[in-house]
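S.K.: For reference, the file protein31.txt (compact mmCIF, C-alpha atoms) is included below:
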# COMPACT_ATOMS: atom_id res chain seq x y z
CA MET A 43 -20.84 8.46 88.40
CA SER A 44 -21.96 4.87 87.91
CA SER A 45 -20.13 2.50 85.58
CA ASN A 46 -23.16 2.34 83.27
CA ARG A 47 -23.30 6.13 83.04
CA ALA A 48 -19.56 6.28 82.31
CA ARG A 49 -20.02 3.68 79.57
CA ALA A 50 -22.86 5.71 78.10
CA VAL A 51 -20.70 8.85 78.02
CA HIS A 52 -17.91 6.99 76.22
CA PHE A 53 -20.17 5.40 73.63
CA ILE A 54 -22.07 8.67 73.06
CA LEU A 55 -18.74 10.41 72.39
CA ALA A 56 -17.84 7.65 69.90
CA LEU A 57 -21.28 8.05 68.27
CA MET A 58 -20.77 11.82 67.98
CA VAL A 59 -17.42 11.27 66.25
CA PHE A 60 -19.02 8.74 63.90
CA LEU A 61 -21.91 11.09 63.03
CA ALA A 62 -19.61 14.09 62.50
CA ASP A 63 -17.41 11.98 60.24
CA ARG A 64 -20.39 10.74 58.19
CA TRP A 65 -21.74 14.30 57.90
CA THR A 66 -18.44 15.82 56.74
CA LYS A 67 -17.84 13.06 54.19
CA ARG A 68 -21.34 13.39 52.74
CA LEU A 69 -20.99 17.16 52.59
CA VAL A 70 -17.68 16.92 50.73
CA ALA A 71 -18.98 14.25 48.34
CA ALA A 72 -22.05 16.36 47.55
CA ARG A 73 -20.37 19.75 47.20
CA ILE A 74 -16.82 19.20 45.96
CA ALA A 75 -16.22 17.42 42.66
CA MET A 76 -13.73 14.57 42.74
CA TYR A 77 -10.09 15.77 42.71
CA THR A 78 -11.02 19.45 42.93
CA HIS A 79 -9.88 21.83 45.66
CA ILE A 80 -11.26 24.60 47.83
CA GLN A 81 -8.46 26.78 49.16
CA ILE A 82 -8.90 27.52 52.87
CA ILE A 83 -5.49 28.82 53.99
CA PRO A 84 -3.34 29.66 50.96
CA GLY A 85 -0.02 27.85 50.99
CA PHE A 86 -1.08 25.59 53.88
CA PHE A 87 -4.56 23.99 53.83
CA ARG A 88 -7.29 23.13 51.35
CA LEU A 89 -10.25 20.81 51.04
CA THR A 90 -9.62 18.21 48.33
CA HIS A 91 -12.18 15.52 47.48
CA THR A 92 -10.45 12.17 46.99
CA GLU A 93 -11.33 8.57 47.68
CA ASN A 94 -8.99 6.07 49.29
CA THR A 95 -9.26 2.33 48.72
CA GLY A 96 -6.31 1.65 51.02
CA ALA A 97 -5.69 2.09 54.73
CA ALA A 98 -4.81 5.32 56.51
CA PHE A 99 -2.75 7.72 54.39
CA SER A 100 -3.45 5.54 51.30
CA LEU A 101 -1.31 2.64 52.54
CA PHE A 102 -1.98 -0.40 50.34
CA ALA A 103 -4.16 1.68 47.96
CA ASP A 104 -2.13 0.47 44.99
CA SER A 105 -2.22 -3.16 46.09
CA PRO A 106 -3.68 -5.37 43.34
CA SER A 107 -5.03 -7.84 45.90
CA ARG A 108 -8.72 -8.71 45.55
CA TRP A 109 -8.72 -9.22 49.31
CA ARG A 110 -7.48 -5.75 50.26
CA THR A 111 -10.91 -4.31 51.11
CA ALA A 112 -12.04 -7.47 52.91
CA LEU A 113 -8.85 -7.54 54.98
CA LEU A 114 -9.21 -3.85 55.87
CA ILE A 115 -12.85 -4.41 56.87
CA GLY A 116 -11.87 -7.45 58.96
CA PHE A 117 -9.02 -5.61 60.67
CA SER A 118 -11.32 -2.64 61.40
CA LEU A 119 -13.97 -4.92 62.85
CA ILE A 120 -11.48 -6.66 65.14
CA ALA A 121 -10.05 -3.31 66.27
CA MET A 122 -13.54 -1.94 66.99
CA VAL A 123 -14.43 -5.01 69.07
CA ILE A 124 -11.22 -4.72 71.10
CA VAL A 125 -11.67 -0.97 71.66
CA SER A 126 -15.35 -1.51 72.60
CA VAL A 127 -14.37 -4.12 75.20
CA LEU A 128 -11.73 -1.77 76.64
CA LEU A 129 -14.29 1.05 76.74
CA TRP A 130 -16.83 -1.22 78.44
CA LYS A 131 -14.29 -1.88 81.21
CA GLN A 132 -13.86 1.85 81.90
CA SER A 133 -15.60 2.66 85.17
CA ARG A 134 -15.15 6.45 85.14
CA ALA A 135 -16.26 8.86 82.45
CA LEU A 136 -14.05 11.38 80.68
CA THR A 137 -10.75 9.89 81.71
CA LEU A 138 -7.90 10.31 79.26
CA THR A 139 -8.08 6.61 78.40
CA GLY A 140 -11.85 6.64 77.95
CA THR A 141 -11.77 9.74 75.78
CA ALA A 142 -8.93 8.35 73.66
CA LEU A 143 -10.69 5.02 73.14
CA SER A 144 -13.96 6.81 72.27
CA LEU A 145 -12.19 8.87 69.60
CA ILE A 146 -10.56 5.74 68.18
CA LEU A 147 -13.85 3.81 68.15
CA GLY A 148 -15.82 6.62 66.51
CA GLY A 149 -13.16 7.15 63.85
CA ALA A 150 -12.77 3.44 63.15
CA ALA A 151 -16.55 3.09 62.84
CA GLY A 152 -16.70 5.98 60.36
CA ASN A 153 -14.08 4.50 58.06
CA PHE A 154 -15.52 1.00 58.54
CA TRP A 155 -18.92 2.26 57.37
CA ASP A 156 -17.39 3.69 54.18
CA ARG A 157 -15.46 0.51 53.40
CA VAL A 158 -18.48 -1.74 53.88
CA ALA A 159 -20.86 0.54 51.95
CA HIS A 160 -18.55 1.70 49.14
CA GLY A 161 -15.24 -0.20 49.30
CA ARG A 162 -13.41 3.12 49.78
CA VAL A 163 -13.15 6.06 52.17
CA VAL A 164 -13.78 9.72 51.33
CA ASP A 165 -10.75 11.88 52.23
CA PHE A 166 -10.71 15.66 52.02
CA LEU A 167 -8.29 17.39 54.41
CA LEU A 168 -5.02 18.38 52.74
CA PHE A 169 -2.20 20.19 54.55
CA TYR A 170 0.81 21.23 52.51
CA TYR A 171 3.73 23.63 52.30
CA LYS A 172 5.25 24.43 48.91
CA GLN A 173 5.87 21.06 47.20
CA TYR A 174 5.54 19.07 50.46
CA GLN A 175 2.17 17.71 51.45
CA TRP A 176 0.71 15.39 54.03
CA PRO A 177 -1.48 12.62 52.56
CA VAL A 178 -5.15 13.61 52.26
CA PHE A 179 -7.18 12.38 55.24
CA ASN A 180 -10.58 12.78 56.93
CA LEU A 181 -12.17 13.47 60.31
CA ALA A 182 -12.20 9.76 61.24
CA ASP A 183 -8.45 9.49 60.59
CA SER A 184 -7.89 12.61 62.71
CA CYS A 185 -9.84 11.19 65.64
CA ILE A 186 -7.99 7.86 65.45
CA VAL A 187 -4.61 9.62 65.46
CA ILE A 188 -5.62 12.00 68.28
CA GLY A 189 -6.97 9.08 70.33
CA ALA A 190 -3.83 7.01 69.80
CA SER A 191 -1.67 10.02 70.68
CA LEU A 192 -3.60 10.55 73.91
CA LEU A 193 -2.99 6.90 74.83
CA VAL A 194 0.74 7.30 74.16
CA ILE A 195 0.84 10.50 76.25
CA GLU A 196 -0.93 8.72 79.08
CA ILE A 197 1.43 5.75 78.94
CA LEU A 198 4.53 7.95 78.87
CA PHE A 199 3.62 10.81 81.19
CA VAL A 200 0.68 10.02 83.49
CA LYS A 201 1.60 8.29 86.70
CA PRO A 202 -0.81 5.55 87.76
CA HIS A 203 -2.59 6.00 91.07
CA THR A 204 -1.71 3.34 93.59
CA PRO A 205 -3.74 2.50 96.73
CA GLU A 206 -0.93 3.89 98.91
CA GLN A 207 -1.23 7.32 97.24
CA HIS A 208 -4.93 7.52 98.09
CA SER A 209 -4.40 6.84 101.79
CA GLU A 210 -1.95 9.72 102.32
Represent the structure contained in this file as structure tokens.

M.R.:
Amino acid sequence: MSSNRARAVHFILALMVFLADRWTKRLVAARIAMYTHIQIIPGFFRLTHTENTGAAFSLFADSPSRWRTALLIGFSLIAMVIVSVLLWKQSRALTLTGTALSLILGGAAGNFWDRVAHGRVVDFLLFYYKQYQWPVFNLADSCIVIGASLLVIEILFVKPHTPEQHSE
């Protein structure tokens, strides 16, 4: 596969993540009233429409800073540029690195879109057990975490191929 074709695969995957994220957020905003729930798995998972003005998992949401949204938008933009450059350098499609970076880029673009358009991000996935609950999140957050986890797995467990290994 050519480098251009590999790039296209990576950026199409990122676009698919972005579009799926936009679709799910619009669906939730249109069909679930703010702060209401739809029980999916009793005692474990429900859809809950919330909006987050902070970073992932509502970090900095309570910050009184007027610059919070602008800083989050700026950070997201810088991260997307860096990830795009790394993706552009990928010469093979569907590698662990390429897939991970595509997930991160698509998720970052989805949340970036929300912040620029509305100053907040729609969150709706809530996992909980009894009184314990994970912060509400969305598809974009999930893809960013999965992508970052894949990069960590690759760094820790995948052995790099060296020229000597190919000649054996």

S.K.: Quick one: of A:Asn46, A:Thr111, A:Thr90, A:Asn180, who's nearest to Gly152 of chain A, counting only C-alpha atoms?

M.R.: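 For Gly152 of chain A, the nearest of the candidates is A:Asn180.
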
S.K.: (-11.7, 5.6, 46.7) in this file's frame - what residues fall within 9 Å of it? Use only C-alpha atoms and give the answer as number ranges by chain.

M.R.: A: 92-96, 103, 160-165

S.K.: Let me make sure I understand: among A:Val187, A:Lys201, A:Tyr171, A:Leu181, which one has the smallest atom-to-atom distance to Gly85 of chain A if we use all atoms listed in the file?

M.R.: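 Using all atoms listed in the file, the shortest distance to Gly85 of chain A belongs to A:Tyr171.
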
S.K.: Using atom CA of Trp65 of chain A and atom CA of His91 of chain A as the two end points, give the distance in Å to one decimal.

M.R.: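 Spanning atom CA of Trp65 of chain A to atom CA of His91 of chain A is a straight-line distance of 14.2 Å.
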
S.K.: So which one's closest to Ala112 of chain A, A:Trp130, A:Ile195, A:Phe154, A:Leu136? Using all atoms listed in the file, please.

M.R.: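 Checking each candidate against Ala112 of chain A, we get A:Phe154 as the closest.
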
S.K.: Mind giving me the straight-line distance from atom CA of Asp183 of chain A to atom CA of Ile146 of chain A in Å, one decimal?

M.R.: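 For atom CA of Asp183 of chain A relative to atom CA of Ile146 of chain A, the distance reads 8.7 Å.
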
S.K.: With distances taken over only C-alpha atoms, which residue among A:Trp176, A:Leu168, A:Thr139, A:Leu113 lies nearest Ile82 of chain A?

M.R.: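 Comparing A:Trp176, A:Leu168, A:Thr139, A:Leu113 against Ile82 of chain A, the winner is A:Leu168.
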
S.K.: Please, what is the axis-aligned box for every listed atom of segment 133-142 of chain A with 5 Å on each side, as centre and edge lengths in Å to one decimal, as lines of an AutoDock Vina configuration file?

M.R.:
center_x = -12.1
center_y = 7.0
center_z = 79.4
size_x = 18.4
size_y = 18.7
size_z = 21.5

S.K.: Return the single residue from A:Gln81, A:Ser118, A:Ser45, A:Ser126 that is closest to Phe169 of chain A, with distances computed using only C-alpha atoms.

M.R.: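 Nearest candidate to Phe169 of chain A out of A:Gln81, A:Ser118, A:Ser45, A:Ser126: A:Gln81.
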
S.K.: Choose the residue, out of A:Arg68, A:Arg157, A:His79, A:Arg134, that has the smallest atom-to-atom separation from Ala48 of chain A; count all atoms listed in the file.

M.R.: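 Under the stated criterion, the closest residue is A:Arg134.
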
S.K.: Near Val59 of chain A, within 10 Å and counting only C-alpha atoms, which residues show up once chain neighbours fewer than 5 positions away are dropped, as a list in words?

M.R.: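 These residues fall inside the cut-off: Phe53, Ile54, Arg64, Trp65, Ser144, Leu145, Ile146, Leu147, Gly148, Gly149, Ala150, Ala151, Gly152, Leu181, Ala182 and Cys185 of chain A.
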
S.K.: Work out how far apart atom CA of Ile197 of chain A and atom CA of Ala142 of chain A are and give it in Å to one decimal.

M.R.: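 Computing the Euclidean distance for atom CA of Ile197 of chain A and atom CA of Ala142 of chain A yields 11.9 Å.
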